[in-house]
Structures are given as structure tokens and as C-alpha cells.
$ cat work.txt   # compact mmCIF, C-alpha atoms
# COMPACT_ATOMS: atom_id res chain seq x y z
CA MET G 1 46.32 -8.98 6.68
CA ALA G 2 46.45 -7.36 3.24
CA PHE G 3 49.26 -9.75 2.18
CA VAL G 4 47.25 -12.77 3.37
CA LEU G 5 44.17 -11.61 1.44
CA ARG G 6 46.15 -10.95 -1.75
CA HIS G 7 47.71 -14.42 -1.49
CA ARG G 8 44.28 -15.97 -0.93
CA ILE G 9 42.83 -14.17 -3.96
CA GLN G 10 45.76 -15.25 -6.15
CA SER G 11 45.40 -18.85 -4.96
CA LEU G 12 41.71 -18.84 -5.86
CA VAL G 13 42.54 -17.50 -9.31
CA ARG G 14 45.25 -20.09 -9.95
CA SER G 15 43.00 -22.93 -8.77
CA ASN G 16 40.45 -22.19 -11.50
CA ARG G 17 41.04 -24.82 -14.18
CA HIS G 18 39.88 -22.47 -16.94
CA PHE G 19 42.81 -20.14 -16.28
CA SER G 20 45.62 -22.57 -15.58
CA SER G 21 47.67 -21.06 -18.41
CA ILE G 22 48.04 -17.75 -16.59
CA VAL G 23 51.43 -17.62 -14.92
CA SER G 24 51.84 -14.22 -13.36
CA PRO G 25 49.59 -13.26 -10.42
CA ASN G 26 49.97 -9.67 -11.60
CA SER G 27 48.81 -10.47 -15.11
CA THR G 28 46.73 -7.81 -16.86
CA SER G 29 45.10 -10.41 -19.07
CA PRO G 30 41.30 -9.88 -19.29
CA LEU G 31 40.91 -13.55 -18.37
CA TYR G 32 42.95 -13.07 -15.21
CA THR G 33 41.09 -9.86 -14.35
CA ARG G 34 37.70 -11.54 -14.63
CA ASP G 35 38.78 -14.55 -12.63
CA LYS G 36 40.31 -12.34 -9.95
CA ALA G 37 37.02 -10.48 -9.65
CA ARG G 38 35.12 -13.76 -9.32
CA ALA G 39 37.49 -14.88 -6.57
CA VAL G 40 37.06 -11.59 -4.70
CA LEU G 41 33.28 -11.74 -5.16
CA SER G 42 33.28 -15.19 -3.57
CA LEU G 43 35.25 -13.88 -0.57
CA VAL G 44 32.99 -10.85 -0.16
CA LYS G 45 29.81 -12.94 -0.23
CA ALA G 46 31.21 -15.29 2.41
CA GLU G 47 32.29 -12.50 4.78
CA ASP G 48 30.12 -10.68 7.33
CA ASN G 49 32.74 -8.61 9.15
CA PRO G 50 32.54 -5.09 7.63
CA GLU G 51 36.23 -4.35 8.19
CA LYS G 52 37.24 -7.56 6.45
CA ILE G 53 34.91 -6.86 3.52
CA ILE G 54 36.68 -3.54 3.00
CA GLU G 55 40.12 -5.14 3.39
CA ILE G 56 39.26 -7.79 0.80
CA CYS G 57 38.25 -5.14 -1.75
CA GLN G 58 41.27 -2.95 -1.00
CA SER G 59 43.69 -5.90 -1.26
CA ALA G 60 42.28 -6.77 -4.67
CA SER G 61 42.98 -3.26 -6.04
CA LEU G 62 39.57 -3.13 -7.72
CA SER G 63 38.93 -0.55 -10.40
CA PRO G 64 35.53 0.87 -11.40
CA GLU G 65 36.88 0.87 -14.95
CA PHE G 66 36.14 -2.88 -15.18
CA HIS G 67 32.61 -4.29 -15.26
CA MET G 68 33.41 -7.32 -13.08
CA ASP G 69 35.14 -5.11 -10.51
CA ARG G 70 32.07 -2.89 -10.37
CA MET G 71 30.00 -5.99 -9.61
CA VAL G 72 32.27 -6.78 -6.67
CA LEU G 73 32.04 -3.23 -5.35
CA SER G 74 28.26 -3.37 -5.66
CA ALA G 75 28.14 -6.68 -3.75
CA ALA G 76 30.34 -5.20 -1.00
CA ILE G 77 28.09 -2.16 -0.65
CA SER G 78 25.01 -4.42 -0.49
CA LYS G 79 26.46 -6.45 2.36
CA LEU G 80 27.56 -3.35 4.27
CA SER G 81 24.20 -1.61 3.86
CA GLN G 82 22.23 -4.72 4.83
CA SER G 83 24.09 -4.74 8.14
CA ASN G 84 23.62 -0.95 8.50
CA ASN G 85 27.36 -0.25 8.31
CA PHE G 86 26.89 3.08 6.56
CA THR G 87 29.97 4.70 8.13
CA TYR G 88 32.09 1.95 6.61
CA ILE G 89 30.54 2.60 3.20
CA GLN G 90 31.44 6.29 3.30
CA GLN G 91 34.92 5.49 4.56
CA PHE G 92 35.39 2.79 1.91
CA ILE G 93 34.42 4.96 -1.06
CA ASP G 94 36.34 8.01 0.21
CA GLU G 95 39.48 5.94 0.85
CA LEU G 96 39.22 4.29 -2.55
CA GLN G 97 39.25 7.72 -4.16
CA SER G 98 42.07 9.10 -2.00
CA SER G 99 44.26 6.03 -2.53
CA ARG G 100 43.85 6.18 -6.29
CA PRO G 101 44.87 9.61 -7.64
CA ASP G 102 43.92 8.45 -11.13
CA LEU G 103 40.29 8.15 -10.01
CA ARG G 104 39.93 11.65 -8.58
CA SER G 105 39.14 13.21 -11.94
CA SER G 106 37.46 10.15 -13.41
CA GLU G 107 33.90 10.83 -14.52
CA ARG G 108 33.22 7.10 -14.55
CA PHE G 109 34.42 6.68 -10.96
CA ALA G 110 32.42 9.69 -9.79
CA SER G 111 29.31 8.32 -11.47
CA HIS G 112 29.82 4.86 -10.01
CA SER G 113 30.42 6.27 -6.51
CA ILE G 114 27.15 8.18 -6.77
CA ILE G 115 25.32 4.99 -7.78
CA LEU G 116 26.90 3.00 -4.92
CA TYR G 117 25.67 5.60 -2.44
CA GLY G 118 22.21 5.37 -3.98
CA GLN G 119 22.32 1.58 -3.68
CA ALA G 120 23.00 2.00 0.03
CA GLY G 121 20.20 4.57 0.35
CA MET G 122 22.76 7.26 1.29
CA ILE G 123 21.30 10.03 -0.84
CA ASP G 124 22.99 12.91 0.99
CA ASP G 125 26.36 11.29 0.24
CA ALA G 126 25.35 10.72 -3.38
CA ILE G 127 24.61 14.44 -3.73
CA ARG G 128 27.86 15.30 -1.92
CA SER G 129 29.83 13.10 -4.30
CA PHE G 130 28.12 14.74 -7.28
CA GLU G 131 28.80 18.24 -5.97
CA GLU G 132 32.45 17.48 -5.13
CA TYR G 133 33.07 16.14 -8.62
CA HIS G 134 31.60 19.27 -10.18
CA SER G 135 33.47 21.54 -7.79
CA ASN G 136 36.86 19.87 -8.29
CA VAL G 137 36.74 18.80 -11.91
CA VAL G 138 33.99 20.45 -13.88
CA SER G 139 34.19 23.97 -12.40
CA ASN G 140 36.48 25.27 -15.16
CA SER G 141 34.24 23.91 -17.91
CA PHE G 142 31.35 25.73 -19.51
CA THR G 143 29.07 22.73 -19.13
CA GLY G 144 28.56 20.22 -16.35
CA SER G 145 28.69 16.45 -16.46
CA VAL G 146 25.48 14.96 -17.77
CA LYS G 147 26.85 11.47 -17.00
CA ALA G 148 27.18 12.36 -13.31
CA LEU G 149 23.67 13.86 -13.34
CA ASN G 150 22.26 10.68 -14.87
CA ALA G 151 24.05 8.65 -12.21
CA LEU G 152 22.56 10.85 -9.48
CA ILE G 153 19.04 10.44 -10.85
CA PHE G 154 19.55 6.68 -11.05
CA ALA G 155 20.83 6.71 -7.46
CA PHE G 156 17.52 8.22 -6.38
CA ILE G 157 15.69 5.40 -8.15
CA LEU G 158 17.81 2.79 -6.34
CA ALA G 159 17.07 4.50 -3.03
CA LYS G 160 13.39 4.88 -3.99
CA LYS G 161 13.52 8.61 -3.20
CA PHE G 162 11.22 9.72 -6.00
CA LYS G 163 10.10 13.10 -4.62
CA GLU G 164 13.68 14.24 -4.12
CA LEU G 165 14.52 12.96 -7.61
CA ASN G 166 11.99 15.32 -9.14
CA ARG G 167 13.66 18.29 -7.43
CA VAL G 168 17.08 17.24 -8.70
CA PHE G 169 15.76 16.81 -12.24
CA ILE G 170 14.24 20.29 -12.22
CA GLU G 171 16.93 22.25 -10.36
CA PHE G 172 20.32 20.65 -11.02
CA PRO G 173 20.51 21.12 -14.81
CA LYS G 174 20.12 24.89 -14.27
CA THR G 175 22.41 25.08 -11.24
CA TYR G 176 25.23 23.10 -12.83
CA ASN G 177 24.69 24.15 -16.45
CA ILE G 178 23.89 20.63 -17.63
CA GLU G 179 21.90 19.89 -20.76
CA PRO G 180 19.86 16.70 -20.16
CA ASN G 181 20.30 14.04 -22.84
CA LEU G 182 18.24 11.04 -23.94
CA GLN G 183 19.56 8.90 -21.07
CA THR G 184 18.52 11.59 -18.58
CA TYR G 185 14.95 11.56 -19.84
CA ASN G 186 14.86 7.77 -20.04
CA THR G 187 15.99 7.53 -16.42
CA VAL G 188 13.35 10.06 -15.37
CA THR G 189 10.55 8.21 -17.20
CA LYS G 190 11.70 5.04 -15.47
CA ALA G 191 11.50 6.79 -12.11
CA LEU G 192 8.05 8.23 -12.78
CA SER G 193 6.76 4.86 -13.91
CA GLU G 194 8.18 3.00 -10.90
CA SER G 195 6.73 5.57 -8.51
CA GLY G 196 3.18 5.30 -9.86
CA SER G 197 3.31 8.70 -11.58
CA SER G 198 3.31 7.55 -15.19
CA SER G 199 0.92 10.30 -16.32
CA SER G 200 3.69 12.83 -15.59
CA CYS G 201 5.64 11.24 -18.44
CA TYR G 202 3.46 13.14 -20.92
CA SER G 203 5.05 16.40 -19.72
CA VAL G 204 8.51 14.82 -19.99
CA LEU G 205 7.77 13.93 -23.63
CA ALA G 206 6.64 17.51 -24.22
CA GLU G 207 9.91 18.84 -22.75
CA MET G 208 11.91 16.47 -24.92
CA ASP G 209 10.10 17.89 -27.94
CA ARG G 210 10.97 21.45 -26.87
CA LYS G 211 14.62 20.50 -26.34
CA GLY G 212 14.86 18.60 -29.62
CA VAL G 213 15.63 15.25 -27.92
CA LYS G 214 13.94 12.42 -29.79
CA PRO G 215 12.57 9.62 -27.57
CA ASN G 216 13.43 6.02 -28.42
CA ALA G 217 11.91 2.59 -27.76
CA THR G 218 13.38 2.59 -24.23
CA THR G 219 11.64 5.88 -23.41
CA PHE G 220 8.27 4.52 -24.43
CA GLY G 221 9.00 1.11 -22.89
CA ASN G 222 9.49 2.74 -19.49
CA ILE G 223 6.20 4.61 -19.81
CA ILE G 224 4.30 1.52 -21.00
CA CYS G 225 5.59 -0.45 -17.97
CA GLY G 226 4.25 2.23 -15.66
CA PHE G 227 0.82 2.40 -17.24
CA TYR G 228 0.46 -1.38 -17.11
CA MET G 229 1.50 -1.39 -13.46
CA GLU G 230 -1.18 1.24 -12.77
CA GLU G 231 -3.62 -0.70 -14.98
CA LYS G 232 -4.20 2.32 -17.24
CA TYR G 233 -4.72 0.37 -20.43
CA ASP G 234 -6.13 3.30 -22.44
CA ASP G 235 -2.89 5.16 -21.81
CA VAL G 236 -0.91 2.20 -23.11
CA GLY G 237 -2.87 2.56 -26.36
CA LYS G 238 -2.15 6.31 -26.44
CA ILE G 239 1.59 5.73 -26.03
CA LEU G 240 1.57 3.18 -28.85
CA GLU G 241 -0.03 5.81 -31.08
CA ILE G 242 2.52 8.46 -30.03
CA MET G 243 5.29 6.02 -30.93
CA LYS G 244 3.98 5.92 -34.49
CA LYS G 245 4.34 9.70 -34.76
CA TYR G 246 8.04 9.31 -34.06
CA GLY G 247 8.37 6.50 -36.57
CA ILE G 248 8.92 3.89 -33.87
CA GLY G 249 7.05 0.68 -34.55
CA GLN G 250 6.30 -2.15 -32.18
CA GLY G 251 9.42 -4.25 -32.39
CA LEU G 252 10.71 -7.07 -30.23
CA GLU G 253 11.72 -4.77 -27.35
CA THR G 254 8.27 -3.19 -27.05
CA TYR G 255 6.41 -6.48 -27.36
CA ASN G 256 8.59 -8.09 -24.69
CA ILE G 257 7.99 -5.16 -22.35
CA ARG G 258 4.23 -5.45 -22.85
CA ILE G 259 4.31 -9.23 -22.35
CA LEU G 260 6.38 -8.95 -19.17
CA SER G 261 4.17 -6.17 -17.82
CA LEU G 262 0.99 -8.19 -18.38
CA CYS G 263 2.52 -11.29 -16.79
CA LYS G 264 3.50 -9.27 -13.72
CA ILE G 265 -0.12 -8.25 -13.15
CA LYS G 266 -1.35 -11.82 -13.73
CA ARG G 267 -2.81 -11.30 -17.19
CA SER G 268 -0.72 -13.95 -18.91
CA ALA G 269 -3.52 -14.98 -21.29
CA GLU G 270 -3.46 -11.44 -22.73
CA ALA G 271 0.31 -11.63 -22.89
CA LYS G 272 -0.02 -14.88 -24.87
CA ALA G 273 -2.35 -13.04 -27.27
CA LEU G 274 0.45 -10.53 -27.83
CA LEU G 275 2.77 -13.41 -28.72
CA ASP G 276 0.24 -14.55 -31.31
CA ASP G 277 0.12 -10.98 -32.64
CA MET G 278 3.92 -10.93 -32.90
CA LEU G 279 3.93 -14.14 -34.89
CA SER G 280 1.18 -12.91 -37.22
CA ARG G 281 3.21 -9.75 -37.91
CA ASN G 282 6.43 -11.72 -38.44
CA VAL G 283 8.09 -10.00 -35.47
CA LYS G 284 10.94 -12.22 -34.31
CA THR G 285 10.67 -13.62 -30.80
CA ASN G 286 13.57 -14.44 -28.46
CA SER G 287 14.22 -16.33 -25.24
CA ASP G 288 12.93 -13.42 -23.12
CA THR G 289 9.55 -13.57 -24.86
CA PHE G 290 9.00 -17.15 -23.75
CA SER G 291 10.70 -16.81 -20.35
CA HIS G 292 8.29 -13.99 -19.43
CA LEU G 293 5.29 -16.12 -20.42
CA ILE G 294 6.54 -19.22 -18.61
CA LEU G 295 7.07 -17.24 -15.40
CA GLY G 296 3.69 -15.53 -15.81
CA PHE G 297 1.76 -18.75 -16.27
CA CYS G 298 3.65 -20.36 -13.37
CA ILE G 299 2.76 -17.49 -11.03
CA GLU G 300 -0.90 -17.97 -12.02
CA GLU G 301 -0.38 -21.72 -11.48
CA ASN G 302 -1.38 -22.47 -15.08
CA VAL G 303 1.40 -25.04 -15.40
CA GLU G 304 0.01 -26.64 -18.57
CA GLU G 305 0.38 -23.37 -20.49
CA ALA G 306 3.82 -22.84 -18.95
CA LYS G 307 4.87 -26.29 -20.22
CA LYS G 308 3.60 -25.49 -23.71
CA MET G 309 5.64 -22.27 -23.77
CA PHE G 310 8.71 -24.11 -22.52
CA ASN G 311 8.40 -26.80 -25.18
CA VAL G 312 8.10 -24.18 -27.92
CA MET G 313 11.09 -22.33 -26.48
CA VAL G 314 13.22 -25.49 -26.53
CA ALA G 315 12.00 -26.51 -30.00
CA ARG G 316 13.05 -23.13 -31.38
CA GLY G 317 16.50 -23.50 -29.91
CA PHE G 318 16.34 -20.43 -27.66
CA GLN G 319 18.80 -19.99 -24.80
CA LEU G 320 17.32 -21.21 -21.53
CA ASP G 321 17.15 -18.94 -18.49
CA ALA G 322 18.13 -20.36 -15.08
CA HIS G 323 15.51 -18.48 -13.05
CA CYS G 324 12.78 -19.44 -15.53
CA CYS G 325 13.78 -23.14 -15.38
CA PHE G 326 13.99 -23.16 -11.58
CA THR G 327 10.53 -21.60 -11.31
CA LEU G 328 9.08 -24.12 -13.75
CA VAL G 329 10.62 -27.06 -11.84
CA HIS G 330 9.15 -25.70 -8.58
CA TYR G 331 5.62 -25.41 -9.98
CA LEU G 332 5.82 -28.76 -11.80
CA CYS G 333 6.66 -30.38 -8.46
CA LYS G 334 3.87 -28.45 -6.80
CA THR G 335 1.34 -29.86 -9.28
CA GLY G 336 2.79 -33.39 -9.13
CA ASP G 337 4.32 -33.54 -12.62
CA PHE G 338 7.62 -34.92 -11.38
CA GLU G 339 8.66 -36.57 -14.63
CA THR G 340 8.57 -33.29 -16.57
CA ALA G 341 10.24 -31.56 -13.63
CA PHE G 342 13.02 -34.17 -13.80
CA ARG G 343 13.50 -33.50 -17.52
CA VAL G 344 13.75 -29.74 -17.00
CA CYS G 345 16.03 -30.23 -13.98
CA ASN G 346 18.38 -32.36 -16.09
CA MET G 347 18.61 -29.54 -18.63
CA CYS G 348 19.65 -27.26 -15.78
CA LEU G 349 22.26 -29.67 -14.42
CA VAL G 350 23.88 -30.00 -17.86
CA LYS G 351 24.41 -26.23 -17.81
CA GLY G 352 25.76 -26.27 -14.25
CA TRP G 353 22.58 -24.78 -12.78
CA VAL G 354 21.02 -26.29 -9.66
CA PRO G 355 17.58 -25.35 -8.28
CA ASN G 356 17.45 -24.52 -4.58
CA CYS G 357 17.62 -27.27 -1.95
CA ALA G 358 13.88 -27.20 -1.13
CA THR G 359 12.92 -27.67 -4.79
CA MET G 360 15.44 -30.48 -5.26
CA LYS G 361 14.19 -32.31 -2.15
CA SER G 362 10.61 -31.95 -3.38
CA LEU G 363 11.62 -33.38 -6.76
CA VAL G 364 13.60 -36.28 -5.28
CA ASN G 365 10.79 -37.29 -2.92
CA GLY G 366 8.18 -36.84 -5.65
CA LEU G 367 10.07 -39.06 -8.08
CA ALA G 368 10.30 -41.75 -5.42
CA ARG G 369 6.53 -41.57 -4.81
CA VAL G 370 5.74 -42.13 -8.50
CA GLY G 371 8.12 -45.07 -8.76
CA LYS G 372 11.08 -43.25 -10.31
CA VAL G 373 13.47 -44.30 -7.55
CA GLN G 374 16.56 -44.60 -9.75
CA GLU G 375 16.04 -41.09 -11.08
CA ALA G 376 15.64 -39.84 -7.51
CA LYS G 377 18.87 -41.56 -6.45
CA MET G 378 20.68 -40.11 -9.46
CA LEU G 379 19.72 -36.59 -8.37
CA VAL G 380 20.88 -37.28 -4.81
CA ARG G 381 24.27 -38.48 -6.10
CA GLU G 382 24.52 -35.34 -8.20
CA MET G 383 23.76 -33.11 -5.21
CA LYS G 384 26.31 -34.91 -3.02
CA LYS G 385 28.94 -34.48 -5.72
CA ARG G 386 28.23 -30.80 -6.30
CA PHE G 387 27.71 -29.71 -2.68
CA THR G 388 30.21 -31.57 -0.54
CA LYS G 389 29.44 -29.46 2.54
CA ASN G 390 25.87 -30.79 2.58
CA VAL G 391 26.65 -34.47 1.99
CA SER G 392 25.19 -35.56 5.34
CA GLN G 393 21.95 -33.72 4.60
CA TRP G 394 21.56 -35.55 1.27
CA GLU G 395 22.56 -38.87 2.84
CA GLU G 396 19.53 -38.50 5.11
CA VAL G 397 17.33 -37.91 2.08
CA GLU G 398 18.88 -40.92 0.34
CA ALA G 399 18.29 -43.12 3.40
CA GLY G 400 14.59 -42.31 3.25
CA LEU G 401 14.23 -43.51 -0.35
CA PRO G 402 12.94 -47.01 -1.17
CA GLN G 403 15.85 -49.44 -1.46
$ encode --input "work.txt" --output "C-alpha cells"
Amino acid sequence: MAFVLRHRIQSLVRSNRHFSSIVSPNSTSPLYTRDKARAVLSLVKAEDNPEKIIEICQSASLSPEFHMDRMVLSAAISKLSQSNNFTYIQQFIDELQSSRPDLRSSERFASHSIILYGQAGMIDDAIRSFEEYHSNVVSNSFTGSVKALNALIFAFILAKKFKELNRVFIEFPKTYNIEPNLQTYNTVTKALSESGSSSSCYSVLAEMDRKGVKPNATTFGNIICGFYMEEKYDDVGKILEIMKKYGIGQGLETYNIRILSLCKIKRSAEAKALLDDMLSRNVKTNSDTFSHLILGFCIEENVEEAKKMFNVMVARGFQLDAHCCFTLVHYLCKTGDFETAFRVCNMCLVKGWVPNCATMKSLVNGLARVGKVQEAKMLVREMKKRFTKNVSQWEEVEAGLPQ
């Protein structure tokens, strides 16, 4: 079975036209490594049998040292946890460690294992993995691993176990002789904000002061997100003032966080006012600035404002975002502006992005209703070409169009 899977992975890699120059299936080229991971990711996503998911990952000899491999491992854990195969998850991670002696003392592997357990909601195993790493590797050192601690705290966020996280944050640094760093505090402020306890961040800032750890824009961004989510606007103002004391001005990162936060709570008009403030202060915008506003206005079904933001975004030459474009196409179809939806959809297709089937059907049928039959047929041909498995489905759509 393992041989068959390895052969299948190698065949997928070789079939990719972008990597046809790679000869050896055992190549260590970064291009080969990335393409191998993509091939494995495709196999994992298509598989439902837990044993086969594990075999696919084991046959690929994945390493947490590589970003793309970590993505595959994360996808595998997601599929296993969604089907409640928690025993397989524990077995998979334990076997990965035992089969790779080089990973046993790896801080990066330990940290990633902890995060994978958190992703699966297996907090007891995340703590066990943390404790085993400290017992086996860090016990002879005077200080513990702050990276592993940060991973454990992040695992609690993924599992949404915020009360237990607070205990770990208070007790573990003392127990394991770990000095929290900036990332530790940033992860904790993120947790407090996501759990609706943003006011507790004031005490975290006070502790950082005592420990001589200077907060950064990310620290304050996490807190601002929380206060917006809780609709504590006075506290947002207080945090902005505290930022000034640390010499941190409102740059692009902070403005984007505020704009996104306002859009999430359906206050996109106020978010747009922040954009105007940015421009008046000569703060540079980026694609995220406009993507947040487009999504916000779409959610509030203010499609005219969303279109204005999109046009400005395109005129300024910013990189388009697939999710943003798909959302805009959906709402343009919903409001009957099929011609603009067709223009945005074409921009997506040029980049290899395709909105979901329901949105595309809505666009095709809408174009036909407003007399744009040729455009509708062009989209159907494109869908048949790109998704050969669904040709019959699109042939039915095509048959229903005016001839």
C-alpha cells in the first residue's frame, strides 16, 4: 500500500507542467517539495478513510520543518477530527515522532504537535506533548521552552478552551521556569479578546510593563479587535491613547484592524470614515483595506458602496482577493447587476479563480435574462472546460439558455 501511494504521489508531481524539469522523484529541490506537498494535500482532501489518510501522510515522509508539509498535516488532522477519529490522531502524531528520531528533540516538531492537538480539540494530549518535550529535552536546561509554551497557549485558542488557557498562562511559566516573551503576551491578548474578556488585557499590559516587555502594534491590534467585538468603543479610544505612550502610531496595520473590526459588526460606514482619515493623514492603504470594506458593504447589502470600493481598488492596482471577488459577484447577482458581476467574474477566471457553482449558475441565468446570452454561454463553456466531472450538469444549464 505504501509503495502504491508513493508511486501515486510521484506521478501527480511529475504530471504538473510547472515542474516538468524535475527528473528525480527523490529530488530535494524546493520546487519538488512544494509540488509533492500539493499532490499529497489533494489526496488527503479526497480521502475519507482515516487509515488511508494516515498512510498517505506516512508514505509522503512529511516533515514539520517545511511550511507546505505542515499545511498537509493540518488538513489531515482536520479531516480526522471532523469524523471524530481522535484515536487515529494520537496514533498518527506519536508514530510520526517515533519513526523520525530526528524529530524527538525538535522544538519545532514539539510545538507543531501541540498545535495539531489543539486543532483537534485534544487539549489533554496537547498538555501531554508539552510535558513530554520538557521532561525529555528541556529537563537539563535552566530555562524551559517559551516556543512550546506559546504553542500550547495557541492550542487552547484553537480548541476554544479559554478558562483552561488562563490557568496555563499563570501556572506553567513558574512550574517550567519559562520567561514569557512578546509572542506569549500577544497570544494571550488574542485569547482574551476572542473570549469576550478584553478588559483583562489591561492587567496583561501592566504585567508586560513589570517584566520589561514592550508591546507592539500586534498586541494593541488584538485588544482593539476584542473591544470592537464587545462594542466598547470608549476602550478602543483608551487603547489608542496608550499606544501613543509607547511611541506606536496608527499605521496601516492598526487602521486595517479597526476597519475590519467595524465591518464585522456591520458598521461599514464608520469603517469608510477611517479610510478617509487614512488618506487625509497620508497613511498608505493596501489591498486588505479595500477588501475589508468591500466585504463589509456586501454583508450589509450596500452593493453600490462595495462597487465603488472595488473600482478604487482596481484603479490603484492592488492585488485582488479571491474571497472578496467571489462575495462581490454573489451580491451583484443578488441585486440583479449581472453585467458588473460578469466583469468581476472574468477578472477571477483570468487568475484561475472560479466562484462556487451556485453563484456561477445564478450569474449565467441572470445574464441570459438581461439579454447577454453569448456571455452566459461563454461562462458555461469555461465551466465545462475547467470542471470535466460536472460537464453533464453544465450541459443542462446550457440547454435551458435561449438559442
$ closest_atom_pairs --input "work.txt" --of "stretch 215-255 of chain G" --to "stretch 272-286 of chain G" --cutoff "10 Å" --atoms "all atoms listed in the file" --output "Markdown table"
| residue | atom | partner | partner_atom | distance |
| --- | --- | --- | --- | --- |
| G:Gln250 | CA | G:Val283 | CA | 8.7 |
| G:Gly251 | CA | G:Val283 | CA | 6.7 |
| G:Leu252 | CA | G:Val283 | CA | 6.6 |
| G:Glu253 | CA | G:Thr285 | CA | 9.6 |
| G:Tyr255 | CA | G:Leu274 | CA | 7.2 |
$ write_last_selection --input "work.txt" --atoms "C-alpha atoms" --output "mmCIF file, in the frame of the given file"
data_model
loop_
_atom_site.group_PDB
_atom_site.id
_atom_site.type_symbol
_atom_site.label_atom_id
_atom_site.label_comp_id
_atom_site.auth_asym_id
_atom_site.auth_seq_id
_atom_site.Cartn_x
_atom_site.Cartn_y
_atom_site.Cartn_z
ATOM 1 C CA GLN G 250 6.300 -2.150 -32.180
ATOM 2 C CA GLY G 251 9.420 -4.250 -32.390
ATOM 3 C CA LEU G 252 10.710 -7.070 -30.230
ATOM 4 C CA GLU G 253 11.720 -4.770 -27.350
ATOM 5 C CA TYR G 255 6.410 -6.480 -27.360
#
$ closest_residue --input "work.txt" --among "G:Lys334, G:Lys190, G:Lys232, G:Lys161" --to "G:Thr218" --atoms "all atoms listed in the file"
G:Lys190
$ residues_around --input "work.txt" --residues "G:Glu301" --least-positions-apart "2" --cutoff "12 Å" --atoms "all atoms listed in the file" --output "list in words"
Lys266, Ser268, Leu293, Ile294, Leu295, Gly296, Phe297, Cys298, Ile299, Val303, Glu304, Glu305, Ala306, Lys307, Thr327, Leu328, His330, Tyr331, Leu332, Cys333, Lys334 and Thr335 of chain G
$ write_last_selection --input "work.txt" --atoms "C-alpha atoms" --output "short mmCIF file (atom, residue, chain, number, x, y, z; two decimals), in the frame of the given file"
data_model
loop_
_atom_site.label_atom_id
_atom_site.label_comp_id
_atom_site.auth_asym_id
_atom_site.auth_seq_id
_atom_site.Cartn_x
_atom_site.Cartn_y
_atom_site.Cartn_z
CA LYS G 266 -1.35 -11.82 -13.73
CA SER G 268 -0.72 -13.95 -18.91
CA LEU G 293 5.29 -16.12 -20.42
CA ILE G 294 6.54 -19.22 -18.61
CA LEU G 295 7.07 -17.24 -15.40
CA GLY G 296 3.69 -15.53 -15.81
CA PHE G 297 1.76 -18.75 -16.27
CA CYS G 298 3.65 -20.36 -13.37
CA ILE G 299 2.76 -17.49 -11.03
CA VAL G 303 1.40 -25.04 -15.40
CA GLU G 304 0.01 -26.64 -18.57
CA GLU G 305 0.38 -23.37 -20.49
CA ALA G 306 3.82 -22.84 -18.95
CA LYS G 307 4.87 -26.29 -20.22
CA THR G 327 10.53 -21.60 -11.31
CA LEU G 328 9.08 -24.12 -13.75
CA HIS G 330 9.15 -25.70 -8.58
CA TYR G 331 5.62 -25.41 -9.98
CA LEU G 332 5.82 -28.76 -11.80
CA CYS G 333 6.66 -30.38 -8.46
CA LYS G 334 3.87 -28.45 -6.80
CA THR G 335 1.34 -29.86 -9.28
#
$ closest_residue --input "work.txt" --among "G:Glu55, G:Asp288, G:Glu241, G:Asp235" --to "G:Leu260" --atoms "only C-alpha atoms"
G:Asp288
$ atom_distance --input "work.txt" --atom1 "atom CA of G:Arg258" --atom2 "atom CA of G:Phe162"
23.7 Å
$ residues_near_point --input "work.txt" --point "(22.5, 7.6, -10.3)" --cutoff "7 Å" --atoms "all atoms listed in the file" --output "list in words"
Ser111, Ile114, Ile115, Gly118, Asn150, Ala151, Leu152, Ile153, Phe154, Ala155 and Phe156 of chain G
$ write_last_selection --input "work.txt" --atoms "C-alpha atoms" --output "PDB file, in the coordinates of the input"
ATOM      1  CA  SER G 111      29.310   8.320 -11.470  1.00  0.00           C
ATOM      2  CA  ILE G 114      27.150   8.180  -6.770  1.00  0.00           C
ATOM      3  CA  ILE G 115      25.320   4.990  -7.780  1.00  0.00           C
ATOM      4  CA  GLY G 118      22.210   5.370  -3.980  1.00  0.00           C
ATOM      5  CA  ASN G 150      22.260  10.680 -14.870  1.00  0.00           C
ATOM      6  CA  ALA G 151      24.050   8.650 -12.210  1.00  0.00           C
ATOM      7  CA  LEU G 152      22.560  10.850  -9.480  1.00  0.00           C
ATOM      8  CA  ILE G 153      19.040  10.440 -10.850  1.00  0.00           C
ATOM      9  CA  PHE G 154      19.550   6.680 -11.050  1.00  0.00           C
ATOM     10  CA  ALA G 155      20.830   6.710  -7.460  1.00  0.00           C
ATOM     11  CA  PHE G 156      17.520   8.220  -6.380  1.00  0.00           C
TER      12      PHE G 156
END
$ closest_residue --input "work.txt" --among "G:Val236, G:Val329, G:Val373, G:Val146" --to "G:Ala358" --atoms "all atoms listed in the file"
G:Val329
$ atom_distance --input "work.txt" --atom1 "atom CA of G:Val44" --atom2 "atom CA of G:Gln393"
25.8 Å
$ residues_around --input "work.txt" --residues "G:Met208" --least-positions-apart "3" --cutoff "12 Å" --atoms "all atoms listed in the file" --output "PyMOL selection string"
chain G and resi 179-186+188-189+201-205+211-216+219
$ closest_residue --input "work.txt" --among "G:Asn166, G:Ser106, G:Asn346, G:Asn356" --to "G:Met378" --atoms "all atoms listed in the file"
G:Asn346
$ closest_residue --input "work.txt" --among "G:Glu131, G:Ile157, G:Ser193, G:Met309" --to "G:Phe172" --atoms "all atoms listed in the file"
G:Glu131
$ atom_distance --input "work.txt" --atom1 "atom CA of G:Phe86" --atom2 "atom CA of G:Gly144"
28.7 Å
$ closest_residue --input "work.txt" --among "G:Gly221, G:Gln403, G:Asn84, G:Val354" --to "G:Arg386" --atoms "all atoms listed in the file"
G:Val354
$ axis_aligned_box --input "work.txt" --around "stretch 277-283 of chain G" --padding-each-side "8 Å" --output "lines of an AutoDock Vina configuration file"
center_x = 4.1
center_y = -11.9
center_z = -35.5
size_x = 24.0
size_y = 20.4
size_z = 21.8
